[in-house]
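Have a look at start-v2.pdb below; it lists PDB, N, CA and C atoms.
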```pdb
ATOM      1  N   MET S   1       0.817  -1.190   0.000
ATOM      2  CA  MET S   1       0.000   0.000   0.000
ATOM      3  C   MET S   1       0.863   1.258   0.000
ATOM      4  N   GLY S   2       2.045   1.157   0.519
ATOM      5  CA  GLY S   2       2.934   2.305   0.530
ATOM      6  C   GLY S   2       3.238   2.796  -0.868
ATOM      7  N   ASN S   3       3.331   1.882  -1.802
ATOM      8  CA  ASN S   3       3.601   2.254  -3.185
ATOM      9  C   ASN S   3       2.481   3.123  -3.742
ATOM     10  N   LYS S   4       1.246   2.798  -3.396
ATOM     11  CA  LYS S   4       0.102   3.591  -3.849
ATOM     12  C   LYS S   4       0.210   5.019  -3.330
ATOM     13  N   ASN S   5       0.570   5.179  -2.076
ATOM     14  CA  ASN S   5       0.733   6.514  -1.501
ATOM     15  C   ASN S   5       1.860   7.271  -2.184
ATOM     16  N   ASN S   6       2.934   6.572  -2.513
ATOM     17  CA  ASN S   6       4.042   7.231  -3.199
ATOM     18  C   ASN S   6       3.615   7.749  -4.561
ATOM     19  N   ARG S   7       2.806   6.972  -5.292
ATOM     20  CA  ARG S   7       2.339   7.428  -6.597
ATOM     21  C   ARG S   7       1.504   8.694  -6.452
ATOM     22  N   GLY S   8       0.659   8.745  -5.436
ATOM     23  CA  GLY S   8      -0.139   9.941  -5.216
ATOM     24  C   GLY S   8       0.735  11.131  -4.878
ATOM     25  N   SER S   9       1.724  10.913  -4.053
ATOM     26  CA  SER S   9       2.657  11.980  -3.693
ATOM     27  C   SER S   9       3.453  12.428  -4.905
ATOM     28  N   ASP S  10       3.882  11.473  -5.715
ATOM     29  CA  ASP S  10       4.641  11.803  -6.919
ATOM     30  C   ASP S  10       3.796  12.651  -7.871
ATOM     31  N   PHE S  11       2.520  12.327  -7.976
ATOM     32  CA  PHE S  11       1.634  13.090  -8.854
ATOM     33  C   PHE S  11       1.490  14.515  -8.361
ATOM     34  N   ARG S  12       1.316  14.672  -7.047
ATOM     35  CA  ARG S  12       1.214  16.017  -6.475
ATOM     36  C   ARG S  12       2.514  16.802  -6.694
ATOM     37  N   VAL S  13       3.646  16.124  -6.543
ATOM     38  CA  VAL S  13       4.940  16.777  -6.776
ATOM     39  C   VAL S  13       5.035  17.210  -8.235
ATOM     40  N   PHE S  14       4.630  16.324  -9.148
ATOM     41  CA  PHE S  14       4.643  16.639 -10.577
ATOM     42  C   PHE S  14       3.799  17.884 -10.856
ATOM     43  N   LEU S  15       2.581  17.909 -10.310
ATOM     44  CA  LEU S  15       1.707  19.063 -10.519
ATOM     45  C   LEU S  15       2.302  20.333  -9.927
ATOM     46  N   ARG S  16       2.898  20.197  -8.745
ATOM     47  CA  ARG S  16       3.506  21.361  -8.095
ATOM     48  C   ARG S  16       4.677  21.877  -8.927
ATOM     49  N   GLU S  17       5.504  20.963  -9.444
ATOM     50  CA  GLU S  17       6.662  21.364 -10.248
ATOM     51  C   GLU S  17       6.245  22.096 -11.518
ATOM     52  N   HIS S  18       5.095  21.735 -12.054
ATOM     53  CA  HIS S  18       4.606  22.375 -13.270
ATOM     54  C   HIS S  18       3.715  23.574 -12.975
ATOM     55  N   GLY S  19       3.583  23.911 -11.699
ATOM     56  CA  GLY S  19       2.858  25.100 -11.303
ATOM     57  C   GLY S  19       1.356  25.023 -11.479
ATOM     58  N   ILE S  20       0.804  23.807 -11.474
ATOM     59  CA  ILE S  20      -0.637  23.683 -11.694
ATOM     60  C   ILE S  20      -1.359  22.965 -10.554
ATOM     61  N   LEU S  21      -0.667  22.686  -9.484
ATOM     62  CA  LEU S  21      -1.298  21.985  -8.365
ATOM     63  C   LEU S  21      -2.479  22.774  -7.819
ATOM     64  N   GLY S  22      -2.306  24.059  -7.608
ATOM     65  CA  GLY S  22      -3.385  24.881  -7.073
ATOM     66  C   GLY S  22      -4.599  24.908  -7.987
ATOM     67  N   GLU S  23      -4.361  24.992  -9.296
ATOM     68  CA  GLU S  23      -5.472  25.019 -10.249
ATOM     69  C   GLU S  23      -6.220  23.689 -10.251
ATOM     70  N   VAL S  24      -5.481  22.586 -10.222
ATOM     71  CA  VAL S  24      -6.114  21.264 -10.208
ATOM     72  C   VAL S  24      -6.937  21.085  -8.939
ATOM     73  N   GLU S  25      -6.376  21.501  -7.810
ATOM     74  CA  GLU S  25      -7.109  21.380  -6.547
ATOM     75  C   GLU S  25      -8.356  22.255  -6.532
ATOM     76  N   SER S  26      -8.262  23.468  -7.064
ATOM     77  CA  SER S  26      -9.428  24.355  -7.060
ATOM     78  C   SER S  26     -10.509  23.845  -8.006
ATOM     79  N   ARG S  27     -10.120  23.281  -9.142
ATOM     80  CA  ARG S  27     -11.117  22.714 -10.058
ATOM     81  C   ARG S  27     -11.808  21.506  -9.432
ATOM     82  N   ALA S  28     -11.047  20.672  -8.752
ATOM     83  CA  ALA S  28     -11.637  19.508  -8.083
ATOM     84  C   ALA S  28     -12.591  19.963  -6.980
ATOM     85  N   SER S  29     -12.191  20.969  -6.236
ATOM     86  CA  SER S  29     -13.038  21.489  -5.170
ATOM     87  C   SER S  29     -14.329  22.071  -5.740
ATOM     88  N   ALA S  30     -14.227  22.806  -6.849
ATOM     89  CA  ALA S  30     -15.416  23.385  -7.479
ATOM     90  C   ALA S  30     -16.343  22.288  -7.992
ATOM     91  N   LEU S  31     -15.765  21.238  -8.542
ATOM     92  CA  LEU S  31     -16.570  20.121  -9.042
ATOM     93  C   LEU S  31     -17.309  19.429  -7.898
ATOM     94  N   HIS S  32     -16.614  19.192  -6.807
ATOM     95  CA  HIS S  32     -17.243  18.564  -5.644
ATOM     96  C   HIS S  32     -18.350  19.444  -5.080
ATOM     97  N   THR S  33     -18.105  20.749  -5.048
ATOM     98  CA  THR S  33     -19.119  21.681  -4.553
ATOM     99  C   THR S  33     -20.355  21.634  -5.442
ATOM    100  N   ARG S  34     -20.141  21.586  -6.750
ATOM    101  CA  ARG S  34     -21.271  21.511  -7.674
ATOM    102  C   ARG S  34     -22.080  20.238  -7.454
ATOM    103  N   TRP S  35     -21.382  19.105  -7.253
ATOM    104  CA  TRP S  35     -22.085  17.835  -7.002
ATOM    105  C   TRP S  35     -22.930  17.921  -5.737
ATOM    106  N   VAL S  36     -22.375  18.519  -4.701
ATOM    107  CA  VAL S  36     -23.112  18.653  -3.443
ATOM    108  C   VAL S  36     -24.330  19.547  -3.637
ATOM    109  N   MET S  37     -24.165  20.653  -4.344
ATOM    110  CA  MET S  37     -25.283  21.559  -4.585
ATOM    111  C   MET S  37     -26.369  20.886  -5.422
ATOM    112  N   GLU S  38     -25.972  20.145  -6.454
ATOM    113  CA  GLU S  38     -26.953  19.429  -7.276
ATOM    114  C   GLU S  38     -27.708  18.400  -6.438
ATOM    115  N   ALA S  39     -26.995  17.717  -5.581
ATOM    116  CA  ALA S  39     -27.642  16.717  -4.726
ATOM    117  C   ALA S  39     -28.612  17.389  -3.762
ATOM    118  N   ALA S  40     -28.214  18.521  -3.204
ATOM    119  CA  ALA S  40     -29.073  19.220  -2.248
ATOM    120  C   ALA S  40     -30.328  19.768  -2.910
ATOM    121  N   GLN S  41     -30.201  20.162  -4.172
ATOM    122  CA  GLN S  41     -31.333  20.757  -4.882
ATOM    123  C   GLN S  41     -32.192  19.725  -5.608
ATOM    124  N   SER S  42     -31.791  18.470  -5.583
ATOM    125  CA  SER S  42     -32.489  17.447  -6.368
ATOM    126  C   SER S  42     -33.796  16.991  -5.738
ATOM    127  N   GLY S  43     -34.065  17.413  -4.539
ATOM    128  CA  GLY S  43     -35.326  17.049  -3.906
ATOM    129  C   GLY S  43     -35.105  16.207  -2.665
ATOM    130  N   SER S  44     -36.212  15.645  -2.236
ATOM    131  CA  SER S  44     -36.130  14.865  -1.002
ATOM    132  C   SER S  44     -35.345  13.567  -1.215
ATOM    133  N   VAL S  45     -34.801  13.088  -0.144
ATOM    134  CA  VAL S  45     -33.990  11.874  -0.185
ATOM    135  C   VAL S  45     -34.902  10.653  -0.125
ATOM    136  N   LYS S  46     -34.589   9.673  -0.962
ATOM    137  CA  LYS S  46     -35.330   8.413  -0.894
ATOM    138  C   LYS S  46     -34.309   7.277  -0.924
ATOM    139  N   PRO S  47     -34.582   6.222  -0.227
ATOM    140  CA  PRO S  47     -33.646   5.097  -0.206
ATOM    141  C   PRO S  47     -33.470   4.502  -1.601
ATOM    142  N   LEU S  48     -32.266   4.109  -1.904
ATOM    143  CA  LEU S  48     -31.965   3.485  -3.185
ATOM    144  C   LEU S  48     -32.224   1.991  -3.070
ATOM    145  N   ARG S  49     -33.092   1.496  -3.920
ATOM    146  CA  ARG S  49     -33.423   0.070  -3.895
ATOM    147  C   ARG S  49     -32.419  -0.705  -4.742
ATOM    148  N   ALA S  50     -32.330  -1.983  -4.504
ATOM    149  CA  ALA S  50     -31.411  -2.842  -5.256
ATOM    150  C   ALA S  50     -31.748  -2.816  -6.741
ATOM    151  N   THR S  51     -33.026  -2.767  -7.082
ATOM    152  CA  THR S  51     -33.408  -2.724  -8.496
ATOM    153  C   THR S  51     -32.951  -1.429  -9.152
ATOM    154  N   ASP S  52     -32.982  -0.317  -8.410
ATOM    155  CA  ASP S  52     -32.485   0.960  -8.934
ATOM    156  C   ASP S  52     -30.989   0.876  -9.223
ATOM    157  N   MET S  53     -30.271   0.264  -8.300
ATOM    158  CA  MET S  53     -28.823   0.108  -8.487
ATOM    159  C   MET S  53     -28.538  -0.784  -9.688
ATOM    160  N   ASP S  54     -29.286  -1.870  -9.824
ATOM    161  CA  ASP S  54     -29.091  -2.774 -10.955
ATOM    162  C   ASP S  54     -29.363  -2.065 -12.274
ATOM    163  N   SER S  55     -30.410  -1.267 -12.324
ATOM    164  CA  SER S  55     -30.751  -0.525 -13.543
ATOM    165  C   SER S  55     -29.651   0.469 -13.908
ATOM    166  N   ALA S  56     -29.153   1.184 -12.915
ATOM    167  CA  ALA S  56     -28.085   2.149 -13.151
ATOM    168  C   ALA S  56     -26.819   1.451 -13.622
ATOM    169  N   PHE S  57     -26.509   0.314 -13.042
ATOM    170  CA  PHE S  57     -25.331  -0.448 -13.440
ATOM    171  C   PHE S  57     -25.457  -0.909 -14.894
ATOM    172  N   GLU S  58     -26.613  -1.446 -15.250
ATOM    173  CA  GLU S  58     -26.836  -1.910 -16.622
ATOM    174  C   GLU S  58     -26.721  -0.763 -17.626
ATOM    175  N   LEU S  59     -27.272   0.392 -17.275
ATOM    176  CA  LEU S  59     -27.167   1.555 -18.139
ATOM    177  C   LEU S  59     -25.702   1.948 -18.331
ATOM    178  N   GLY S  60     -24.932   1.903 -17.261
ATOM    179  CA  GLY S  60     -23.509   2.216 -17.355
ATOM    180  C   GLY S  60     -22.758   1.240 -18.242
ATOM    181  N   ILE S  61     -23.109  -0.032 -18.157
ATOM    182  CA  ILE S  61     -22.466  -1.051 -18.997
ATOM    183  C   ILE S  61     -22.774  -0.788 -20.470
ATOM    184  N   VAL S  62     -24.020  -0.481 -20.777
ATOM    185  CA  VAL S  62     -24.413  -0.196 -22.159
ATOM    186  C   VAL S  62     -23.646   1.020 -22.684
ATOM    187  N   ARG S  63     -23.557   2.064 -21.878
ATOM    188  CA  ARG S  63     -22.819   3.273 -22.303
ATOM    189  C   ARG S  63     -21.347   2.973 -22.520
ATOM    190  N   ALA S  64     -20.760   2.186 -21.643
ATOM    191  CA  ALA S  64     -19.334   1.857 -21.796
ATOM    192  C   ALA S  64     -19.102   1.048 -23.061
ATOM    193  N   LYS S  65     -19.981   0.103 -23.359
ATOM    194  CA  LYS S  65     -19.831  -0.698 -24.576
ATOM    195  C   LYS S  65     -19.980   0.177 -25.821
ATOM    196  N   THR S  66     -20.888   1.128 -25.757
ATOM    197  CA  THR S  66     -21.083   2.041 -26.879
ATOM    198  C   THR S  66     -19.830   2.873 -27.123
ATOM    199  N   ARG S  67     -19.218   3.354 -26.053
ATOM    200  CA  ARG S  67     -17.990   4.149 -26.185
ATOM    201  C   ARG S  67     -16.870   3.325 -26.773
ATOM    202  N   LYS S  68     -16.751   2.064 -26.364
ATOM    203  CA  LYS S  68     -15.688   1.214 -26.886
ATOM    204  C   LYS S  68     -15.861   0.978 -28.382
ATOM    205  N   LYS S  69     -17.101   0.837 -28.857
ATOM    206  CA  LYS S  69     -17.357   0.630 -30.278
ATOM    207  C   LYS S  69     -17.030   1.866 -31.093
ATOM    208  N   GLU S  70     -17.226   3.047 -30.512
ATOM    209  CA  GLU S  70     -16.975   4.298 -31.214
ATOM    210  C   GLU S  70     -15.498   4.554 -31.428
ATOM    211  N   LYS S  71     -14.649   4.026 -30.579
ATOM    212  CA  LYS S  71     -13.200   4.289 -30.679
ATOM    213  C   LYS S  71     -12.556   3.529 -31.782
TER     214      LYS S  71
END
```
Could you spell out this file's structure in C-alpha coordinates?
Amino acid sequence: MGNKNNRGSDFRVFLREHGILGEVESRASALHTRWVMEAAQSGSVKPLRATDMDSAFELGIVRAKTRKKEK
(Lines of atoms letter the chains of each structure in order from A and count residues from 1; the text may use other names and numbers.)
(Lines give C-alpha, C1' and ligand atoms only; values in the text may rest on other atoms or scores of the structure.)
Protein backbone atom coordinates (compact mmCIF):
# COMPACT_ATOMS: atom_id res chain seq x y z
CA MET A 1 0.00 0.00 0.00
CA GLY A 2 2.93 2.31 0.53
CA ASN A 3 3.60 2.25 -3.19
CA LYS A 4 0.10 3.59 -3.85
CA ASN A 5 0.73 6.51 -1.50
CA ASN A 6 4.04 7.23 -3.20
CA ARG A 7 2.34 7.43 -6.60
CA GLY A 8 -0.14 9.94 -5.22
CA SER A 9 2.66 11.98 -3.69
CA ASP A 10 4.64 11.80 -6.92
CA PHE A 11 1.63 13.09 -8.85
CA ARG A 12 1.21 16.02 -6.47
CA VAL A 13 4.94 16.78 -6.78
CA PHE A 14 4.64 16.64 -10.58
CA LEU A 15 1.71 19.06 -10.52
CA ARG A 16 3.51 21.36 -8.09
CA GLU A 17 6.66 21.36 -10.25
CA HIS A 18 4.61 22.38 -13.27
CA GLY A 19 2.86 25.10 -11.30
CA ILE A 20 -0.64 23.68 -11.69
CA LEU A 21 -1.30 21.99 -8.37
CA GLY A 22 -3.38 24.88 -7.07
CA GLU A 23 -5.47 25.02 -10.25
CA VAL A 24 -6.11 21.26 -10.21
CA GLU A 25 -7.11 21.38 -6.55
CA SER A 26 -9.43 24.35 -7.06
CA ARG A 27 -11.12 22.71 -10.06
CA ALA A 28 -11.64 19.51 -8.08
CA SER A 29 -13.04 21.49 -5.17
CA ALA A 30 -15.42 23.38 -7.48
CA LEU A 31 -16.57 20.12 -9.04
CA HIS A 32 -17.24 18.56 -5.64
CA THR A 33 -19.12 21.68 -4.55
CA ARG A 34 -21.27 21.51 -7.67
CA TRP A 35 -22.09 17.84 -7.00
CA VAL A 36 -23.11 18.65 -3.44
CA MET A 37 -25.28 21.56 -4.58
CA GLU A 38 -26.95 19.43 -7.28
CA ALA A 39 -27.64 16.72 -4.73
CA ALA A 40 -29.07 19.22 -2.25
CA GLN A 41 -31.33 20.76 -4.88
CA SER A 42 -32.49 17.45 -6.37
CA GLY A 43 -35.33 17.05 -3.91
CA SER A 44 -36.13 14.86 -1.00
CA VAL A 45 -33.99 11.87 -0.19
CA LYS A 46 -35.33 8.41 -0.89
CA PRO A 47 -33.65 5.10 -0.21
CA LEU A 48 -31.96 3.48 -3.19
CA ARG A 49 -33.42 0.07 -3.89
CA ALA A 50 -31.41 -2.84 -5.26
CA THR A 51 -33.41 -2.72 -8.50
CA ASP A 52 -32.48 0.96 -8.93
CA MET A 53 -28.82 0.11 -8.49
CA ASP A 54 -29.09 -2.77 -10.96
CA SER A 55 -30.75 -0.53 -13.54
CA ALA A 56 -28.08 2.15 -13.15
CA PHE A 57 -25.33 -0.45 -13.44
CA GLU A 58 -26.84 -1.91 -16.62
CA LEU A 59 -27.17 1.56 -18.14
CA GLY A 60 -23.51 2.22 -17.35
CA ILE A 61 -22.47 -1.05 -19.00
CA VAL A 62 -24.41 -0.20 -22.16
CA ARG A 63 -22.82 3.27 -22.30
CA ALA A 64 -19.33 1.86 -21.80
CA LYS A 65 -19.83 -0.70 -24.58
CA THR A 66 -21.08 2.04 -26.88
CA ARG A 67 -17.99 4.15 -26.18
CA LYS A 68 -15.69 1.21 -26.89
CA LYS A 69 -17.36 0.63 -30.28
CA GLU A 70 -16.98 4.30 -31.21
CA LYS A 71 -13.20 4.29 -30.68
- Figure out the distance between atom C of Arg27 of chain S and atom CA of Ala56 of chain S, please, to one decimal in Å.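 Atom C of Arg27 of chain S lies 25.6 Å from atom CA of Ala56 of chain S.
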Let me have the centre and edge lengths in Å, one decimal, of the box along x, y and z around every listed atom of segment 14-23 of chain S with 5 Å of margin on each side, as lines of an AutoDock Vina configuration file.
```
center_x = 0.2
center_y = 20.7
center_z = -10.2
size_x = 22.9
size_y = 18.8
size_z = 16.2
```
Using backbone DSSP assignments, extract all helix (DSSP H, G or I) residues from chain S; output them as an mmCIF file with N, CA and C atoms, in the coordinates of the input.
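As a result, result01.cif now contains:
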```
data_model
loop_
_atom_site.group_PDB
_atom_site.id
_atom_site.type_symbol
_atom_site.label_atom_id
_atom_site.label_comp_id
_atom_site.auth_asym_id
_atom_site.auth_seq_id
_atom_site.Cartn_x
_atom_site.Cartn_y
_atom_site.Cartn_z
ATOM 1 N N GLY S 2 2.045 1.157 0.519
ATOM 2 C CA GLY S 2 2.934 2.305 0.530
ATOM 3 C C GLY S 2 3.238 2.796 -0.868
ATOM 4 N N ASN S 3 3.331 1.882 -1.802
ATOM 5 C CA ASN S 3 3.601 2.254 -3.185
ATOM 6 C C ASN S 3 2.481 3.123 -3.742
ATOM 7 N N LYS S 4 1.246 2.798 -3.396
ATOM 8 C CA LYS S 4 0.102 3.591 -3.849
ATOM 9 C C LYS S 4 0.210 5.019 -3.330
ATOM 10 N N ASN S 5 0.570 5.179 -2.076
ATOM 11 C CA ASN S 5 0.733 6.514 -1.501
ATOM 12 C C ASN S 5 1.860 7.271 -2.184
ATOM 13 N N ASN S 6 2.934 6.572 -2.513
ATOM 14 C CA ASN S 6 4.042 7.231 -3.199
ATOM 15 C C ASN S 6 3.615 7.749 -4.561
ATOM 16 N N ARG S 7 2.806 6.972 -5.292
ATOM 17 C CA ARG S 7 2.339 7.428 -6.597
ATOM 18 C C ARG S 7 1.504 8.694 -6.452
ATOM 19 N N GLY S 8 0.659 8.745 -5.436
ATOM 20 C CA GLY S 8 -0.139 9.941 -5.216
ATOM 21 C C GLY S 8 0.735 11.131 -4.878
ATOM 22 N N SER S 9 1.724 10.913 -4.053
ATOM 23 C CA SER S 9 2.657 11.980 -3.693
ATOM 24 C C SER S 9 3.453 12.428 -4.905
ATOM 25 N N ASP S 10 3.882 11.473 -5.715
ATOM 26 C CA ASP S 10 4.641 11.803 -6.919
ATOM 27 C C ASP S 10 3.796 12.651 -7.871
ATOM 28 N N PHE S 11 2.520 12.327 -7.976
ATOM 29 C CA PHE S 11 1.634 13.090 -8.854
ATOM 30 C C PHE S 11 1.490 14.515 -8.361
ATOM 31 N N ARG S 12 1.316 14.672 -7.047
ATOM 32 C CA ARG S 12 1.214 16.017 -6.475
ATOM 33 C C ARG S 12 2.514 16.802 -6.694
ATOM 34 N N VAL S 13 3.646 16.124 -6.543
ATOM 35 C CA VAL S 13 4.940 16.777 -6.776
ATOM 36 C C VAL S 13 5.035 17.210 -8.235
ATOM 37 N N PHE S 14 4.630 16.324 -9.148
ATOM 38 C CA PHE S 14 4.643 16.639 -10.577
ATOM 39 C C PHE S 14 3.799 17.884 -10.856
ATOM 40 N N LEU S 15 2.581 17.909 -10.310
ATOM 41 C CA LEU S 15 1.707 19.063 -10.519
ATOM 42 C C LEU S 15 2.302 20.333 -9.927
ATOM 43 N N ARG S 16 2.898 20.197 -8.745
ATOM 44 C CA ARG S 16 3.506 21.361 -8.095
ATOM 45 C C ARG S 16 4.677 21.877 -8.927
ATOM 46 N N GLU S 17 5.504 20.963 -9.444
ATOM 47 C CA GLU S 17 6.662 21.364 -10.248
ATOM 48 C C GLU S 17 6.245 22.096 -11.518
ATOM 49 N N LEU S 21 -0.667 22.686 -9.484
ATOM 50 C CA LEU S 21 -1.298 21.985 -8.365
ATOM 51 C C LEU S 21 -2.479 22.774 -7.819
ATOM 52 N N GLY S 22 -2.306 24.059 -7.608
ATOM 53 C CA GLY S 22 -3.385 24.881 -7.073
ATOM 54 C C GLY S 22 -4.599 24.908 -7.987
ATOM 55 N N GLU S 23 -4.361 24.992 -9.296
ATOM 56 C CA GLU S 23 -5.472 25.019 -10.249
ATOM 57 C C GLU S 23 -6.220 23.689 -10.251
ATOM 58 N N VAL S 24 -5.481 22.586 -10.222
ATOM 59 C CA VAL S 24 -6.114 21.264 -10.208
ATOM 60 C C VAL S 24 -6.937 21.085 -8.939
ATOM 61 N N GLU S 25 -6.376 21.501 -7.810
ATOM 62 C CA GLU S 25 -7.109 21.380 -6.547
ATOM 63 C C GLU S 25 -8.356 22.255 -6.532
ATOM 64 N N SER S 26 -8.262 23.468 -7.064
ATOM 65 C CA SER S 26 -9.428 24.355 -7.060
ATOM 66 C C SER S 26 -10.509 23.845 -8.006
ATOM 67 N N ARG S 27 -10.120 23.281 -9.142
ATOM 68 C CA ARG S 27 -11.117 22.714 -10.058
ATOM 69 C C ARG S 27 -11.808 21.506 -9.432
ATOM 70 N N ALA S 28 -11.047 20.672 -8.752
ATOM 71 C CA ALA S 28 -11.637 19.508 -8.083
ATOM 72 C C ALA S 28 -12.591 19.963 -6.980
ATOM 73 N N SER S 29 -12.191 20.969 -6.236
ATOM 74 C CA SER S 29 -13.038 21.489 -5.170
ATOM 75 C C SER S 29 -14.329 22.071 -5.740
ATOM 76 N N ALA S 30 -14.227 22.806 -6.849
ATOM 77 C CA ALA S 30 -15.416 23.385 -7.479
ATOM 78 C C ALA S 30 -16.343 22.288 -7.992
ATOM 79 N N LEU S 31 -15.765 21.238 -8.542
ATOM 80 C CA LEU S 31 -16.570 20.121 -9.042
ATOM 81 C C LEU S 31 -17.309 19.429 -7.898
ATOM 82 N N HIS S 32 -16.614 19.192 -6.807
ATOM 83 C CA HIS S 32 -17.243 18.564 -5.644
ATOM 84 C C HIS S 32 -18.350 19.444 -5.080
ATOM 85 N N THR S 33 -18.105 20.749 -5.048
ATOM 86 C CA THR S 33 -19.119 21.681 -4.553
ATOM 87 C C THR S 33 -20.355 21.634 -5.442
ATOM 88 N N ARG S 34 -20.141 21.586 -6.750
ATOM 89 C CA ARG S 34 -21.271 21.511 -7.674
ATOM 90 C C ARG S 34 -22.080 20.238 -7.454
ATOM 91 N N TRP S 35 -21.382 19.105 -7.253
ATOM 92 C CA TRP S 35 -22.085 17.835 -7.002
ATOM 93 C C TRP S 35 -22.930 17.921 -5.737
ATOM 94 N N VAL S 36 -22.375 18.519 -4.701
ATOM 95 C CA VAL S 36 -23.112 18.653 -3.443
ATOM 96 C C VAL S 36 -24.330 19.547 -3.637
ATOM 97 N N MET S 37 -24.165 20.653 -4.344
ATOM 98 C CA MET S 37 -25.283 21.559 -4.585
ATOM 99 C C MET S 37 -26.369 20.886 -5.422
ATOM 100 N N GLU S 38 -25.972 20.145 -6.454
ATOM 101 C CA GLU S 38 -26.953 19.429 -7.276
ATOM 102 C C GLU S 38 -27.708 18.400 -6.438
ATOM 103 N N ALA S 39 -26.995 17.717 -5.581
ATOM 104 C CA ALA S 39 -27.642 16.717 -4.726
ATOM 105 C C ALA S 39 -28.612 17.389 -3.762
ATOM 106 N N ALA S 40 -28.214 18.521 -3.204
ATOM 107 C CA ALA S 40 -29.073 19.220 -2.248
ATOM 108 C C ALA S 40 -30.328 19.768 -2.910
ATOM 109 N N GLN S 41 -30.201 20.162 -4.172
ATOM 110 C CA GLN S 41 -31.333 20.757 -4.882
ATOM 111 C C GLN S 41 -32.192 19.725 -5.608
ATOM 112 N N ALA S 50 -32.330 -1.983 -4.504
ATOM 113 C CA ALA S 50 -31.411 -2.842 -5.256
ATOM 114 C C ALA S 50 -31.748 -2.816 -6.741
ATOM 115 N N THR S 51 -33.026 -2.767 -7.082
ATOM 116 C CA THR S 51 -33.408 -2.724 -8.496
ATOM 117 C C THR S 51 -32.951 -1.429 -9.152
ATOM 118 N N ASP S 52 -32.982 -0.317 -8.410
ATOM 119 C CA ASP S 52 -32.485 0.960 -8.934
ATOM 120 C C ASP S 52 -30.989 0.876 -9.223
ATOM 121 N N MET S 53 -30.271 0.264 -8.300
ATOM 122 C CA MET S 53 -28.823 0.108 -8.487
ATOM 123 C C MET S 53 -28.538 -0.784 -9.688
ATOM 124 N N ASP S 54 -29.286 -1.870 -9.824
ATOM 125 C CA ASP S 54 -29.091 -2.774 -10.955
ATOM 126 C C ASP S 54 -29.363 -2.065 -12.274
ATOM 127 N N SER S 55 -30.410 -1.267 -12.324
ATOM 128 C CA SER S 55 -30.751 -0.525 -13.543
ATOM 129 C C SER S 55 -29.651 0.469 -13.908
ATOM 130 N N ALA S 56 -29.153 1.184 -12.915
ATOM 131 C CA ALA S 56 -28.085 2.149 -13.151
ATOM 132 C C ALA S 56 -26.819 1.451 -13.622
ATOM 133 N N PHE S 57 -26.509 0.314 -13.042
ATOM 134 C CA PHE S 57 -25.331 -0.448 -13.440
ATOM 135 C C PHE S 57 -25.457 -0.909 -14.894
ATOM 136 N N GLU S 58 -26.613 -1.446 -15.250
ATOM 137 C CA GLU S 58 -26.836 -1.910 -16.622
ATOM 138 C C GLU S 58 -26.721 -0.763 -17.626
ATOM 139 N N LEU S 59 -27.272 0.392 -17.275
ATOM 140 C CA LEU S 59 -27.167 1.555 -18.139
ATOM 141 C C LEU S 59 -25.702 1.948 -18.331
ATOM 142 N N GLY S 60 -24.932 1.903 -17.261
ATOM 143 C CA GLY S 60 -23.509 2.216 -17.355
ATOM 144 C C GLY S 60 -22.758 1.240 -18.242
ATOM 145 N N ILE S 61 -23.109 -0.032 -18.157
ATOM 146 C CA ILE S 61 -22.466 -1.051 -18.997
ATOM 147 C C ILE S 61 -22.774 -0.788 -20.470
ATOM 148 N N VAL S 62 -24.020 -0.481 -20.777
ATOM 149 C CA VAL S 62 -24.413 -0.196 -22.159
ATOM 150 C C VAL S 62 -23.646 1.020 -22.684
ATOM 151 N N ARG S 63 -23.557 2.064 -21.878
ATOM 152 C CA ARG S 63 -22.819 3.273 -22.303
ATOM 153 C C ARG S 63 -21.347 2.973 -22.520
ATOM 154 N N ALA S 64 -20.760 2.186 -21.643
ATOM 155 C CA ALA S 64 -19.334 1.857 -21.796
ATOM 156 C C ALA S 64 -19.102 1.048 -23.061
ATOM 157 N N LYS S 65 -19.981 0.103 -23.359
ATOM 158 C CA LYS S 65 -19.831 -0.698 -24.576
ATOM 159 C C LYS S 65 -19.980 0.177 -25.821
ATOM 160 N N THR S 66 -20.888 1.128 -25.757
ATOM 161 C CA THR S 66 -21.083 2.041 -26.879
ATOM 162 C C THR S 66 -19.830 2.873 -27.123
ATOM 163 N N ARG S 67 -19.218 3.354 -26.053
ATOM 164 C CA ARG S 67 -17.990 4.149 -26.185
ATOM 165 C C ARG S 67 -16.870 3.325 -26.773
ATOM 166 N N LYS S 68 -16.751 2.064 -26.364
ATOM 167 C CA LYS S 68 -15.688 1.214 -26.886
ATOM 168 C C LYS S 68 -15.861 0.978 -28.382
ATOM 169 N N LYS S 69 -17.101 0.837 -28.857
ATOM 170 C CA LYS S 69 -17.357 0.630 -30.278
ATOM 171 C C LYS S 69 -17.030 1.866 -31.093
ATOM 172 N N GLU S 70 -17.226 3.047 -30.512
ATOM 173 C CA GLU S 70 -16.975 4.298 -31.214
ATOM 174 C C GLU S 70 -15.498 4.554 -31.428
#
```
- Enter the distance from atom CA of Ser42 of chain S to atom CA of Ala30 of chain S, in Å, rounded to one decimal.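 Rounded to one decimal, the two atoms are 18.1 Å apart.
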- Atom pair atom CA of Glu58 of chain S / atom CA of Glu70 of chain S: separation (Å): 18.7 Å
